[in-house]
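S.K.: So here's model.tsv (TSV, C-alpha atoms and all ligand atoms).
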chain	number	residue	atom	x	y	z
W	231	MET	CA	-38.16	82.50	-66.85
W	232	LYS	CA	-36.14	85.71	-67.10
W	233	ASN	CA	-32.51	86.25	-68.12
W	234	SER	CA	-32.02	82.64	-69.09
W	235	TYR	CA	-29.87	83.41	-72.16
W	236	PHE	CA	-26.28	84.45	-72.79
W	237	GLY	CA	-26.54	85.85	-76.30
W	238	GLU	CA	-28.20	83.05	-78.25
W	239	PHE	CA	-27.05	80.35	-75.77
W	240	GLY	CA	-28.78	78.98	-72.67
W	241	GLY	CA	-32.52	78.61	-72.10
W	242	CYS	CA	-34.47	75.84	-70.46
W	243	PHE	CA	-35.31	72.96	-72.83
W	244	VAL	CA	-36.71	70.36	-70.43
W	245	PRO	CA	-39.72	68.05	-70.16
W	246	GLU	CA	-42.73	69.74	-68.55
W	247	LEU	CA	-42.32	67.59	-65.43
W	248	LEU	CA	-39.04	69.37	-64.64
W	249	MET	CA	-40.44	72.89	-64.92
W	250	PRO	CA	-41.95	73.11	-61.38
W	251	PRO	CA	-38.68	72.31	-59.52
W	252	LEU	CA	-36.65	74.54	-61.87
W	253	LEU	CA	-39.06	77.44	-61.29
W	254	GLU	CA	-38.77	76.83	-57.56
W	255	VAL	CA	-34.96	77.01	-57.77
W	256	GLU	CA	-35.18	80.17	-59.90
W	257	ALA	CA	-37.45	81.83	-57.31
W	258	ALA	CA	-35.05	80.88	-54.50
W	259	MET	CA	-32.12	82.26	-56.50
W	260	ASN	CA	-33.88	85.59	-56.97
W	261	ASP	CA	-35.59	85.94	-53.58
W	262	ILE	CA	-33.45	84.11	-50.98
W	263	LEU	CA	-29.88	84.18	-52.31
W	264	PRO	CA	-29.38	87.97	-52.23
W	265	THR	CA	-30.70	88.43	-48.68
W	266	PRO	CA	-28.13	89.48	-46.02
W	267	SER	CA	-29.09	86.56	-43.78
W	268	PHE	CA	-28.41	83.99	-46.54
W	269	GLN	CA	-25.17	85.70	-47.56
W	270	ASN	CA	-23.98	85.81	-43.93
W	271	ASP	CA	-24.65	82.10	-43.40
W	272	LEU	CA	-22.90	81.24	-46.68
W	273	ASN	CA	-19.88	83.41	-45.97
W	274	ASP	CA	-19.50	81.89	-42.48
W	275	LEU	CA	-19.47	78.38	-43.94
W	276	LEU	CA	-17.15	79.32	-46.81
W	277	ARG	CA	-14.68	80.74	-44.29
W	278	ASP	CA	-14.91	78.34	-41.35
W	279	TYR	CA	-15.92	75.08	-43.04
W	280	ALA	CA	-14.54	75.24	-46.58
W	281	GLY	CA	-11.40	77.29	-45.87
W	282	ARG	CA	-11.85	80.53	-47.84
W	283	PRO	CA	-10.17	82.73	-48.83
W	284	THR	CA	-7.78	80.43	-50.71
W	285	PRO	CA	-4.25	81.78	-51.28
W	286	LEU	CA	-2.83	83.17	-54.50
W	287	THR	CA	0.53	81.38	-54.65
W	288	TYR	CA	3.55	82.57	-56.63
W	289	CYS	CA	5.56	79.91	-58.50
W	290	PRO	CA	9.21	81.05	-58.42
W	291	ALA	CA	10.82	78.11	-60.27
W	292	LEU	CA	8.30	77.92	-63.12
W	293	SER	CA	8.21	81.73	-63.42
W	294	SER	CA	11.94	81.89	-64.00
W	295	GLU	CA	11.74	79.04	-66.53
W	296	CYS	CA	8.87	80.68	-68.44
W	297	GLY	CA	9.93	84.33	-68.26
W	298	PHE	CA	6.60	85.57	-66.92
W	299	HIS	CA	5.14	85.61	-63.40
W	300	LEU	CA	3.05	82.51	-62.77
W	301	TRP	CA	0.50	82.59	-59.94
W	302	LEU	CA	-1.89	79.85	-58.85
W	303	LYS	CA	-5.32	80.42	-57.32
W	304	ARG	CA	-5.34	77.58	-54.78
W	305	GLU	CA	-8.82	76.07	-54.94
W	306	ASP	CA	-7.04	72.74	-54.36
W	307	LEU	CA	-6.64	73.75	-50.71
W	308	LEU	CA	-10.38	73.87	-50.07
W	309	HIS	CA	-12.13	71.28	-47.89
W	310	THR	CA	-12.87	68.17	-50.01
W	311	GLY	CA	-10.17	69.14	-52.50
W	312	ALA	CA	-11.68	71.32	-55.23
W	313	HIS	CA	-13.66	74.43	-56.10
W	314	LYS	CA	-16.85	72.33	-56.22
W	315	ILE	CA	-17.59	72.98	-52.54
W	316	ASN	CA	-18.22	76.72	-53.20
W	317	ASN	CA	-21.27	75.79	-55.23
W	318	THR	CA	-22.31	72.83	-53.11
W	319	LEU	CA	-22.44	74.87	-49.91
W	320	GLY	CA	-24.47	77.59	-51.63
W	321	GLN	CA	-27.00	75.24	-53.18
W	322	ALA	CA	-27.34	73.13	-50.03
W	323	LEU	CA	-28.09	76.20	-47.90
W	324	LEU	CA	-30.62	77.34	-50.49
W	325	ALA	CA	-32.21	73.88	-50.55
W	326	ARG	CA	-32.62	73.90	-46.79
W	327	ARG	CA	-34.33	77.30	-46.95
W	328	MET	CA	-36.60	75.84	-49.65
W	329	GLY	CA	-37.62	73.13	-47.15
W	330	LYS	CA	-35.85	70.26	-48.93
W	331	THR	CA	-34.48	67.35	-46.91
W	332	ALA	CA	-32.31	65.65	-49.53
W	333	LEU	CA	-29.59	66.58	-52.02
W	334	LEU	CA	-29.22	64.88	-55.38
W	335	ALA	CA	-26.08	65.28	-57.50
W	336	GLU	CA	-24.26	63.93	-60.54
W	337	THR	CA	-20.51	63.67	-60.48
W	338	GLY	CA	-17.70	63.03	-62.96
W	339	ALA	CA	-14.35	63.13	-61.19
W	340	GLY	CA	-16.17	62.62	-57.90
W	341	GLN	CA	-15.18	66.02	-56.51
W	342	HIS	CA	-18.70	67.41	-56.79
W	343	GLY	CA	-20.05	64.18	-55.30
W	344	VAL	CA	-17.68	64.34	-52.34
W	345	GLY	CA	-18.45	68.04	-51.82
W	346	THR	CA	-22.19	67.37	-51.89
W	347	ALA	CA	-21.90	64.36	-49.57
W	348	ALA	CA	-19.84	66.35	-47.06
W	349	VAL	CA	-22.21	69.32	-47.04
W	350	ALA	CA	-25.27	67.05	-46.79
W	351	ALA	CA	-23.71	65.41	-43.72
W	352	ARG	CA	-22.92	68.81	-42.22
W	353	LEU	CA	-26.45	70.14	-42.77
W	354	GLY	CA	-28.23	66.90	-41.79
W	355	MET	CA	-29.61	66.12	-45.25
W	356	GLN	CA	-29.92	62.86	-47.22
W	357	CYS	CA	-27.61	62.54	-50.23
W	358	VAL	CA	-28.01	60.59	-53.48
W	359	ILE	CA	-25.23	60.64	-56.11
W	360	PHE	CA	-25.28	59.39	-59.72
W	361	MET	CA	-21.89	58.62	-61.28
W	362	GLY	CA	-21.01	56.99	-64.62
W	363	ALA	CA	-19.76	53.43	-64.12
W	364	GLU	CA	-16.48	54.22	-65.91
W	365	ASP	CA	-15.90	57.15	-63.55
W	366	VAL	CA	-16.73	54.92	-60.55
W	367	GLU	CA	-13.82	52.72	-61.68
W	368	ARG	CA	-11.28	55.45	-62.48
W	369	GLN	CA	-12.08	57.67	-59.47
W	370	SER	CA	-12.72	54.92	-56.95
W	371	ALA	CA	-11.07	56.80	-54.06
W	372	ASN	CA	-13.76	59.46	-54.30
W	373	VAL	CA	-16.52	56.82	-54.39
W	374	THR	CA	-15.25	55.48	-51.07
W	375	ARG	CA	-15.16	58.99	-49.61
W	376	MET	CA	-18.77	59.69	-50.71
W	377	LYS	CA	-20.02	56.46	-49.14
W	378	ILE	CA	-18.14	57.05	-45.89
W	379	LEU	CA	-19.70	60.53	-45.75
W	380	GLY	CA	-23.11	58.84	-45.88
W	381	ALA	CA	-24.13	59.23	-49.54
W	382	GLU	CA	-25.95	56.64	-51.62
W	383	VAL	CA	-23.87	56.24	-54.82
W	384	HIS	CA	-25.59	54.90	-57.97
W	385	PRO	CA	-23.26	53.79	-60.78
W	386	VAL	CA	-24.79	54.57	-64.21
W	387	GLU	CA	-24.25	51.88	-66.86
W	388	ASN	CA	-25.93	53.69	-69.80
W	389	GLY	CA	-24.26	55.35	-72.78
W	390	THR	CA	-20.58	56.18	-72.35
W	391	ARG	CA	-20.88	55.50	-68.58
W	392	THR	CA	-19.53	58.99	-67.80
W	393	LEU	CA	-20.74	62.43	-66.68
W	394	LYS	CA	-23.31	62.95	-69.45
W	395	ASP	CA	-25.11	59.73	-68.51
W	396	ALA	CA	-24.91	60.55	-64.78
W	397	ILE	CA	-26.68	63.88	-65.48
W	398	ASN	CA	-29.41	62.10	-67.47
W	399	ALA	CA	-29.99	59.66	-64.60
W	400	ALA	CA	-30.05	62.45	-62.00
W	401	LEU	CA	-32.58	64.49	-64.02
W	402	ARG	CA	-34.82	61.41	-64.29
W	403	TYR	CA	-34.56	60.78	-60.54
W	404	TRP	CA	-35.39	64.43	-59.80
W	405	ILE	CA	-38.69	64.19	-61.70
W	406	SER	CA	-40.01	61.67	-59.18
W	407	HIS	CA	-38.39	63.11	-56.01
W	408	GLN	CA	-38.81	66.88	-56.53
W	409	ARG	CA	-40.99	67.45	-53.47
W	410	THR	CA	-38.24	66.50	-51.00
W	411	THR	CA	-35.09	66.77	-53.06
W	412	HIS	CA	-32.98	69.58	-54.51
W	413	TYR	CA	-30.84	68.74	-57.56
W	414	CYS	CA	-27.47	70.25	-56.65
W	415	PHE	CA	-26.17	70.65	-60.21
W	416	GLY	CA	-22.36	70.55	-60.23
W	417	THR	CA	-21.32	72.83	-63.06
W	418	ALA	CA	-22.31	76.02	-64.85
W	419	ALA	CA	-24.25	74.10	-67.52
W	420	GLY	CA	-27.70	72.51	-67.79
W	421	PRO	CA	-31.07	74.26	-67.89
W	422	HIS	CA	-31.71	77.75	-66.53
W	423	PRO	CA	-31.27	78.70	-63.71
W	424	PHE	CA	-28.25	76.41	-63.10
W	425	PRO	CA	-25.67	78.21	-65.29
W	426	THR	CA	-26.42	81.49	-63.48
W	427	LEU	CA	-26.86	79.95	-60.03
W	428	VAL	CA	-23.58	78.00	-60.19
W	429	ARG	CA	-21.73	81.05	-61.50
W	430	LEU	CA	-23.09	83.18	-58.65
W	431	PHE	CA	-21.66	80.69	-56.14
W	432	GLN	CA	-18.34	80.21	-57.96
W	433	SER	CA	-17.68	83.88	-58.67
W	434	VAL	CA	-16.13	84.16	-55.20
W	435	ILE	CA	-12.98	82.71	-56.85
W	436	GLY	CA	-12.58	85.66	-59.23
W	437	LYS	CA	-13.53	88.28	-56.64
W	438	GLU	CA	-10.81	87.03	-54.27
W	439	THR	CA	-8.27	86.62	-57.09
W	440	ARG	CA	-8.78	90.18	-58.32
W	441	ALA	CA	-8.29	91.68	-54.84
W	442	GLN	CA	-5.30	89.43	-54.07
W	443	CYS	CA	-3.59	90.25	-57.37
W	444	LEU	CA	-4.06	93.98	-56.81
W	445	GLU	CA	-2.64	93.63	-53.33
W	446	LYS	CA	0.35	91.43	-54.25
W	447	THR	CA	1.35	92.90	-57.62
W	448	GLY	CA	-0.16	96.39	-57.51
W	449	GLY	CA	-2.15	95.71	-60.68
W	450	LEU	CA	-4.51	93.40	-62.51
W	451	PRO	CA	-3.23	90.17	-64.07
W	452	ASP	CA	-2.41	90.12	-67.79
W	453	ALA	CA	-4.05	86.72	-68.23
W	454	VAL	CA	-6.33	84.34	-66.34
W	455	VAL	CA	-6.40	80.67	-67.35
W	456	ALA	CA	-8.76	77.88	-66.26
W	457	CYS	CA	-9.74	74.40	-67.44
W	458	VAL	CA	-13.26	73.93	-68.81
W	459	GLY	CA	-15.39	70.84	-68.24
W	460	GLY	CA	-18.93	72.13	-67.80
W	461	GLY	CA	-17.25	75.44	-67.05
W	462	SER	CA	-17.83	76.29	-63.37
W	463	ASN	CA	-14.29	76.97	-62.14
W	464	ALA	CA	-13.53	78.93	-65.32
W	465	ILE	CA	-16.64	81.12	-65.19
W	466	GLY	CA	-16.05	81.54	-61.44
W	467	ILE	CA	-12.61	83.05	-61.94
W	468	PHE	CA	-13.41	84.88	-65.23
W	469	HIS	CA	-16.43	86.82	-64.02
W	470	ALA	CA	-14.66	89.42	-61.91
W	471	PHE	CA	-12.47	90.30	-64.93
W	472	LEU	CA	-15.05	90.44	-67.73
W	473	GLU	CA	-15.10	94.24	-67.76
W	474	ASP	CA	-11.29	94.57	-67.59
W	475	ALA	CA	-10.35	94.66	-71.26
W	476	SER	CA	-6.62	94.38	-70.48
W	477	VAL	CA	-7.06	90.98	-68.82
W	478	ARG	CA	-6.94	88.14	-71.35
W	479	LEU	CA	-9.17	85.18	-70.44
W	480	PHE	CA	-8.27	81.64	-71.56
W	481	GLY	CA	-10.40	78.52	-71.07
W	482	VAL	CA	-8.77	75.17	-71.74
W	483	GLU	CA	-10.66	72.16	-73.09
W	484	ALA	CA	-9.46	68.55	-73.10
W	485	ALA	CA	-8.28	67.26	-76.49
W	486	GLY	CA	-8.16	63.62	-75.31
W	487	THR	CA	-5.32	61.56	-76.78
W	488	GLY	CA	-5.24	63.86	-79.80
W	489	GLU	CA	-4.83	60.87	-82.14
W	490	PRO	CA	-6.72	61.05	-85.46
W	491	GLY	CA	-10.23	59.62	-85.21
W	492	CYS	CA	-10.19	59.57	-81.39
W	493	PHE	CA	-12.78	61.35	-79.29
W	494	ASN	CA	-12.11	64.55	-77.32
W	495	SER	CA	-13.90	66.81	-74.83
W	496	ALA	CA	-13.62	70.09	-76.68
W	497	PRO	CA	-17.10	71.25	-77.76
W	498	LEU	CA	-16.13	74.93	-78.02
W	499	ASN	CA	-13.24	74.19	-80.39
W	500	LEU	CA	-14.62	71.19	-82.24
W	501	GLY	CA	-18.39	71.16	-81.65
W	502	VAL	CA	-21.50	72.75	-83.15
W	503	PRO	CA	-24.54	74.45	-81.56
W	504	GLY	CA	-27.26	72.13	-80.25
W	505	VAL	CA	-29.28	71.24	-77.15
W	506	LEU	CA	-28.02	69.02	-74.33
W	507	HIS	CA	-29.25	68.72	-70.74
W	508	GLY	CA	-31.77	71.50	-71.21
W	509	SER	CA	-29.42	74.11	-72.63
W	510	HIS	CA	-28.68	75.49	-76.10
W	511	THR	CA	-24.91	75.46	-76.25
W	512	MET	CA	-21.89	74.10	-78.12
W	513	LEU	CA	-21.82	70.31	-78.33
W	514	LEU	CA	-20.03	67.34	-79.76
W	515	GLN	CA	-22.74	65.82	-81.95
W	516	ASN	CA	-23.00	64.06	-85.30
W	517	ASN	CA	-24.96	65.18	-88.38
W	518	ASP	CA	-28.10	63.44	-87.08
W	519	GLY	CA	-27.97	65.46	-83.85
W	520	GLN	CA	-26.79	62.46	-81.80
W	521	ILE	CA	-24.34	63.30	-79.01
W	522	GLU	CA	-20.83	62.01	-79.72
W	523	PRO	CA	-18.94	60.30	-76.90
W	524	SER	CA	-16.38	62.54	-75.21
W	525	GLN	CA	-12.98	61.34	-74.05
W	526	SER	CA	-10.33	62.66	-71.67
W	527	VAL	CA	-7.82	61.25	-69.18
W	528	SER	CA	-9.48	63.56	-66.64
W	529	ALA	CA	-12.98	62.47	-65.65
W	530	GLY	CA	-13.98	66.02	-64.69
W	531	LEU	CA	-13.43	67.34	-68.22
W	532	ASP	CA	-15.00	64.33	-69.94
W	533	TYR	CA	-18.25	65.97	-71.08
W	534	PRO	CA	-19.55	66.57	-74.64
W	535	GLY	CA	-21.20	69.91	-73.78
W	536	VAL	CA	-20.23	73.13	-72.03
W	537	GLY	CA	-21.98	75.87	-70.07
W	538	PRO	CA	-23.86	78.35	-72.28
W	539	GLU	CA	-22.06	81.40	-70.89
W	540	HIS	CA	-18.77	80.00	-72.23
W	541	ALA	CA	-20.40	79.39	-75.62
W	542	TRP	CA	-21.26	83.10	-75.58
W	543	LEU	CA	-17.85	84.31	-74.34
W	544	HIS	CA	-16.29	82.19	-77.11
W	545	LYS	CA	-18.59	83.53	-79.81
W	546	SER	CA	-18.28	87.15	-78.64
W	547	GLY	CA	-14.50	86.82	-78.47
W	548	ARG	CA	-14.18	88.03	-74.86
W	549	ALA	CA	-12.56	84.74	-73.85
W	550	HIS	CA	-10.39	82.38	-75.90
W	551	TYR	CA	-10.48	78.62	-75.63
W	552	GLY	CA	-7.52	76.34	-76.30
W	553	MET	CA	-7.11	72.57	-76.21
W	554	VAL	CA	-4.60	70.38	-74.36
W	555	LYS	CA	-3.95	66.67	-74.92
W	556	ASP	CA	-3.84	64.01	-72.17
W	557	ALA	CA	-0.05	63.56	-72.46
W	558	ASN	CA	0.62	67.30	-72.11
W	559	ALA	CA	-1.63	67.53	-69.04
W	560	LEU	CA	0.27	64.62	-67.46
W	561	ALA	CA	3.60	66.33	-68.21
W	562	ALA	CA	2.37	69.59	-66.65
W	563	PHE	CA	1.17	67.63	-63.61
W	564	ARG	CA	4.69	66.22	-63.19
W	565	ARG	CA	6.31	69.60	-63.71
W	566	LEU	CA	4.25	71.33	-61.01
W	567	CYS	CA	4.90	68.50	-58.55
W	568	ARG	CA	8.67	68.60	-59.08
W	569	SER	CA	9.10	72.38	-59.44
W	570	GLU	CA	6.73	73.75	-56.82
W	571	GLY	CA	5.77	70.80	-54.59
W	572	ILE	CA	2.07	71.01	-55.48
W	573	LEU	CA	0.02	68.02	-56.69
W	574	PRO	CA	-2.66	69.37	-59.06
W	575	ALA	CA	-5.80	67.58	-60.25
W	576	LEU	CA	-5.55	66.29	-63.82
W	577	GLU	CA	-8.33	68.74	-64.76
W	578	SER	CA	-6.30	71.71	-63.52
W	579	SER	CA	-3.17	70.24	-65.17
W	580	HIS	CA	-4.79	71.00	-68.54
W	581	ALA	CA	-4.85	74.72	-67.69
W	582	LEU	CA	-1.23	74.53	-66.51
W	583	ALA	CA	-0.08	72.77	-69.67
W	584	PHE	CA	-1.67	75.48	-71.82
W	585	VAL	CA	0.56	78.01	-70.06
W	586	LEU	CA	3.76	75.99	-69.60
W	587	ASP	CA	3.90	74.48	-73.10
W	588	HIS	CA	3.59	77.81	-74.92
W	589	PRO	CA	5.25	80.46	-72.75
W	590	ASN	CA	5.51	82.75	-75.79
W	591	ARG	CA	1.75	83.34	-75.55
W	592	PHE	CA	2.64	85.75	-72.74
W	593	ALA	CA	5.03	88.70	-72.77
W	594	PRO	CA	8.07	88.69	-70.47
W	595	GLY	CA	7.09	90.01	-67.06
W	596	ASN	CA	3.35	89.35	-67.55
W	597	ALA	CA	1.33	88.26	-64.51
W	598	VAL	CA	-0.45	85.03	-65.46
W	599	ILE	CA	-2.92	83.39	-63.07
W	600	VAL	CA	-3.91	79.74	-63.41
W	601	ASN	CA	-6.92	78.55	-61.48
W	602	LEU	CA	-5.75	75.41	-59.70
W	603	SER	CA	-9.27	74.04	-59.46
W	604	GLY	CA	-8.44	70.93	-57.44
W	605	ARG	CA	-5.83	68.68	-55.90
W	606	GLY	CA	-4.48	65.53	-57.49
W	607	ASP	CA	-4.90	62.98	-54.72
W	608	LYS	CA	-7.86	61.41	-56.56
W	609	ASP	CA	-5.69	60.93	-59.67
W	610	MET	CA	-2.77	59.03	-58.16
W	611	ASP	CA	-3.65	55.68	-59.77
W	612	ILE	CA	-4.09	57.17	-63.26
W	613	VAL	CA	-0.90	59.20	-62.98
W	614	THR	CA	1.14	56.30	-61.60
W	615	GLN	CA	0.01	54.07	-64.44
W	616	ALA	CA	0.69	56.73	-67.08
W	617	LEU	CA	4.15	57.50	-65.72
W	618	GLU	CA	5.00	53.80	-65.62
W	619	GLU	CA	3.90	53.43	-69.22
W	620	GLU	CA	6.12	56.38	-70.15
W	621	GLY	CA	9.03	54.78	-68.23
W	622	HIS	CA	9.31	57.59	-65.65
W	623	GLU	CA	10.36	56.97	-62.10
W	624	HIS	CA	7.77	58.17	-59.62
W	625	SER	CA	9.18	57.05	-56.32
L	1	LIG	C1	-10.69	69.55	-59.89
L	1	LIG	C2	-11.67	69.80	-60.98
L	1	LIG	N1	-11.46	70.81	-61.85
L	1	LIG	C3	-12.32	71.07	-62.86
L	1	LIG	C4	-13.43	70.28	-63.07
L	1	LIG	C5	-14.32	70.59	-64.23
L	1	LIG	O1	-15.52	71.14	-63.87
L	1	LIG	P1	-15.89	72.66	-64.15
L	1	LIG	O2	-15.61	72.90	-65.61
L	1	LIG	O3	-17.32	72.73	-63.82
L	1	LIG	O4	-15.03	73.50	-63.29
L	1	LIG	C6	-13.70	69.23	-62.19
L	1	LIG	C7	-14.89	68.39	-62.37
L	1	LIG	O5	-15.11	67.40	-61.74
L	1	LIG	C8	-12.80	68.97	-61.12
L	1	LIG	O6	-13.00	67.98	-60.26
Turn the structure described in the file into C-alpha cells.
M.R.:
Amino acid sequence: MKNSYFGEFGGCFVPELLMPPLLEVEAAMNDILPTPSFQNDLNDLLRDYAGRPTPLTYCPALSSECGFHLWLKREDLLHTGAHKINNTLGQALLARRMGKTALLAETGAGQHGVGTAAVAARLGMQCVIFMGAEDVERQSANVTRMKILGAEVHPVENGTRTLKDAINAALRYWISHQRTTHYCFGTAAGPHPFPTLVRLFQSVIGKETRAQCLEKTGGLPDAVVACVGGGSNAIGIFHAFLEDASVRLFGVEAAGTGEPGCFNSAPLNLGVPGVLHGSHTMLLQNNDGQIEPSQSVSAGLDYPGVGPEHAWLHKSGRAHYGMVKDANALAAFRRLCRSEGILPALESSHALAFVLDHPNRFAPGNAVIVNLSGRGDKDMDIVTQALEEEGHEHS
C-alpha cells in the first residue's frame, strides 16, 4: 500500500482477512476515481441529487456582535442534512463500479447512516447499518429515516454502545461479506485507504469555499473553523487552504461536560498516540493501551480517535485544535437560531462556540468561515431537554 501515512500517522493495521477488500478499495481509488467518466457521474449527482454547490452565508447580526465577518459554509442545506452525503455518493458510485451490490456503514449521529441509506436506495443497492445502541436512542429520528429508506439497522450493544463499537461491528461484518459488500466508511479515519478516500470526496467543501470567498470578499479568509469527530468535514474544508499560510485553520474537539474526572472526545488535545480501527493516530487510551470511553452531547463527535491526517496537522502545527464543552455548544446553537434563523447540528455548534465565545481570537474585520457541517433537526429532543433543564423558554 502506497502513501498510507501522514507523517508518522496512518497506515493499515488490520487483520489479514481485511486486506483483500482494502486493497480492492485502494485500487479503485487510484484507477477509477480519477477518470473523467467517474468524475462526471459524481459531479452530476452532487449537483442534481445532493444540492451542490452549497452557499457561503454571511451572518450580519453575529458579525456585528463579534467585530469580525462571520461566514457559514452551508453543508446543512445538503440532501439528508449534512456533509456526509459528499462521501457517501462518491463511495457508492465507486462500489457500483467495483461490482458490489450492497453498502455497509457505521453511524454515530445517524447522518452518515441516512446518507448511505438514501444513496443505496437511489443506486438500487442493499444497505446495512451498524449503530451504537446509545446513539440509536439519542438519534432515534435518524434511525426511523434509515429504516424508511430501506436500510437494515443493527443496534450495537457492546462497549460504550457508541460510534467506536459500531465501527468494530461493521469491520467484523465486512470480513464475511466482502465479496458483495463495500464498507462505506463515514469519516476520514480508519485504515488506509479510507482517510485519503474520504478526504478526496469531502475536499469539494474547501474547493467551493475558497472560490466563493474570493468571489464575495475579494480575498482568502483569515480563518477556517470546523468541528472534528473522525475529522471528515474538517479535512474537507481545510484541504484547499493547506498551502495558504495566511489562512489559520482551527479544528474543534468536544470536551464533554468538562467536569473533573468526566470523559471527553478530544484525542488531539488530551490523547496519546496509539492504534485504533486500523490507524496509528491520537487516541484516548489508558496506560495499558485500553481505549477510554469518549463522551459528548453530540453523537457525531463522540469518538475516542481521530483521522490520522489531523494528528499530523496538529503535530506539524499547520492546524490548531481547540476544545468546546457541551454547555457552550448548546449556547452557540441557541445563539445561531435566534440571531440568524439557522438551526445547526450540535456537532457544528461546537465549531460555532469556539468562534463566538472567544471573538478576540480574531482581529477586527477578519473574515472567519465556520463549516456548518449539518442541520439540527436530528437534535431537537436533546436540545429541548437541555434548554428545559437550564430553564430557557424554547417555544
Ligand atoms: C453534522 C455532523 N457534523 C460533524 C460530524 C463529525 O464527523 P466528521 O468529523 O467526520 O465530520 C458528524 C458525524 O456524524 C455530523 O453528523
S.K.: Of the candidates W:Glu489, W:Asp395, W:Glu305, W:Glu387, which one gets nearest to W:Thr337 if we count all atoms listed in the file?
M.R.: W:Asp395
S.K.: Could you tell me how far atom C8 of ligand LIG 1 (chain L) lies from atom CA of W:Ile521, in Å and to one decimal?
M.R.: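 If I compute the distance from atom C8 of ligand LIG 1 (chain L) to atom CA of W:Ile521, I get 22.0 Å.
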S.K.: Write out as a PDB file with C-alpha atoms, keeping the file's coordinate frame the residues lying within 7 Å of W:Ala453, counting only C-alpha atoms and excluding same-chain residues fewer than 3 positions away.
M.R.:
ATOM      1  CA  VAL W 477      -7.060  90.980 -68.820  1.00  0.00           C
ATOM      2  CA  ARG W 478      -6.940  88.140 -71.350  1.00  0.00           C
ATOM      3  CA  LEU W 479      -9.170  85.180 -70.440  1.00  0.00           C
ATOM      4  CA  ALA W 597       1.330  88.260 -64.510  1.00  0.00           C
ATOM      5  CA  VAL W 598      -0.450  85.030 -65.460  1.00  0.00           C
ATOM      6  CA  ILE W 599      -2.920  83.390 -63.070  1.00  0.00           C
TER       7      ILE W 599
END
S.K.: Take the point (-34.9, 74.6, -65.1) in the file's coordinates, draw a sphere of radius 12 Å around it, and report as number ranges by chain every protein, DNA or RNA residue with an atom inside or on it, counting all atoms listed in the file.
M.R.: W: 231-232, 234, 240-257, 259, 401, 404-405, 412-413, 415, 419-427, 507-509
S.K.: Neighbouring residues of W:Asp274 were defined as those with any atom within 12 Å, considering only C-alpha atoms; residues of the same chain fewer than 6 positions away were excluded. Please report them as JSON, numbers by chain.
M.R.: {"W": [267, 268, 280, 281, 282, 283, 316, 319, 320, 323]}
S.K.: Return as number ranges by chain every polymer residue, whether protein, DNA or RNA, with at least one atom no more than 7 Å from an atom of ligand LIG 1 (chain L); count only C-alpha atoms and all ligand atoms.
M.R.: W: 312-313, 337-342, 416-418, 457-464, 529-531, 575, 577-578, 603-605
S.K.: Write the selection just made, keeping C-alpha atoms, as a tab-separated table (two decimals), in the frame of the given file?
M.R.:
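Produced file result.tsv, reproduced below:
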chain	number	residue	atom	x	y	z
W	312	ALA	CA	-11.68	71.32	-55.23
W	313	HIS	CA	-13.66	74.43	-56.10
W	337	THR	CA	-20.51	63.67	-60.48
W	338	GLY	CA	-17.70	63.03	-62.96
W	339	ALA	CA	-14.35	63.13	-61.19
W	340	GLY	CA	-16.17	62.62	-57.90
W	341	GLN	CA	-15.18	66.02	-56.51
W	342	HIS	CA	-18.70	67.41	-56.79
W	416	GLY	CA	-22.36	70.55	-60.23
W	417	THR	CA	-21.32	72.83	-63.06
W	418	ALA	CA	-22.31	76.02	-64.85
W	457	CYS	CA	-9.74	74.40	-67.44
W	458	VAL	CA	-13.26	73.93	-68.81
W	459	GLY	CA	-15.39	70.84	-68.24
W	460	GLY	CA	-18.93	72.13	-67.80
W	461	GLY	CA	-17.25	75.44	-67.05
W	462	SER	CA	-17.83	76.29	-63.37
W	463	ASN	CA	-14.29	76.97	-62.14
W	464	ALA	CA	-13.53	78.93	-65.32
W	529	ALA	CA	-12.98	62.47	-65.65
W	530	GLY	CA	-13.98	66.02	-64.69
W	531	LEU	CA	-13.43	67.34	-68.22
W	575	ALA	CA	-5.80	67.58	-60.25
W	577	GLU	CA	-8.33	68.74	-64.76
W	578	SER	CA	-6.30	71.71	-63.52
W	603	SER	CA	-9.27	74.04	-59.46
W	604	GLY	CA	-8.44	70.93	-57.44
W	605	ARG	CA	-5.83	68.68	-55.90
S.K.: Go through W:Arg440, W:Arg402, W:Lys330, W:Arg391 one by one, measure the shortest atom-to-atom distance of each to W:Lys303 using all atoms listed in the file, and give the residue with the smallest value.
M.R.: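 Under the stated criterion, the closest residue is W:Arg440.
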S.K.: For atom CA of W:Leu450 and atom CA of W:Arg564, quote the distance in Å rounded to one decimal.
M.R.: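 Computing the Euclidean distance for atom CA of W:Leu450 and atom CA of W:Arg564 yields 28.7 Å.
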S.K.: If you take every atom of stretch 414-422 of chain W that the file lists and fit an axis-aligned box around them with 4 Å extra on each side, what centre and edge lengths come out in Å to one decimal, as AutoDock Vina command-line options?
M.R.:
--center_x -26.5 --center_y 74.0 --center_z -62.3 --size_x 18.4 --size_y 15.5 --size_z 19.2
S.K.: I'd like the contact shell of W:Ala581 - 9 Å cut-off, only C-alpha atoms, skipping same-chain residues fewer than 4 positions apart - returned as a ChimeraX atom specification.
M.R.: /W:455-458,480-483,554,559,562,577,585-586,600-602
S.K.: Separation of atom CA of W:Phe239 and atom CA of W:Ala400, in Å?
M.R.: 22.8 Å
S.K.: Skipping near chain neighbours, those fewer than 3 positions away, what residues fall within 9 Å of W:Phe563 using only C-alpha atoms, listed as a list in words?
M.R.: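 So, after excluding close chain neighbours, the residues are Asn558, Ala559, Leu560, Leu566, Cys567, Arg568, Ile572, Leu573, Pro574, Ala575, Leu576, Ser578, Ser579, His580, Leu582, Ala583, Gly606 and Val613 of chain W.
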S.K.: Emit the selected residues as a short mmCIF file (atom, residue, chain, number, x, y, z; two decimals), in the frame of the given file, including C-alpha atoms.
M.R.:
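Heads up, here's the output in part.cif:
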data_model
loop_
_atom_site.label_atom_id
_atom_site.label_comp_id
_atom_site.auth_asym_id
_atom_site.auth_seq_id
_atom_site.Cartn_x
_atom_site.Cartn_y
_atom_site.Cartn_z
CA ASN W 558 0.62 67.30 -72.11
CA ALA W 559 -1.63 67.53 -69.04
CA LEU W 560 0.27 64.62 -67.46
CA LEU W 566 4.25 71.33 -61.01
CA CYS W 567 4.90 68.50 -58.55
CA ARG W 568 8.67 68.60 -59.08
CA ILE W 572 2.07 71.01 -55.48
CA LEU W 573 0.02 68.02 -56.69
CA PRO W 574 -2.66 69.37 -59.06
CA ALA W 575 -5.80 67.58 -60.25
CA LEU W 576 -5.55 66.29 -63.82
CA SER W 578 -6.30 71.71 -63.52
CA SER W 579 -3.17 70.24 -65.17
CA HIS W 580 -4.79 71.00 -68.54
CA LEU W 582 -1.23 74.53 -66.51
CA ALA W 583 -0.08 72.77 -69.67
CA GLY W 606 -4.48 65.53 -57.49
CA VAL W 613 -0.90 59.20 -62.98
#
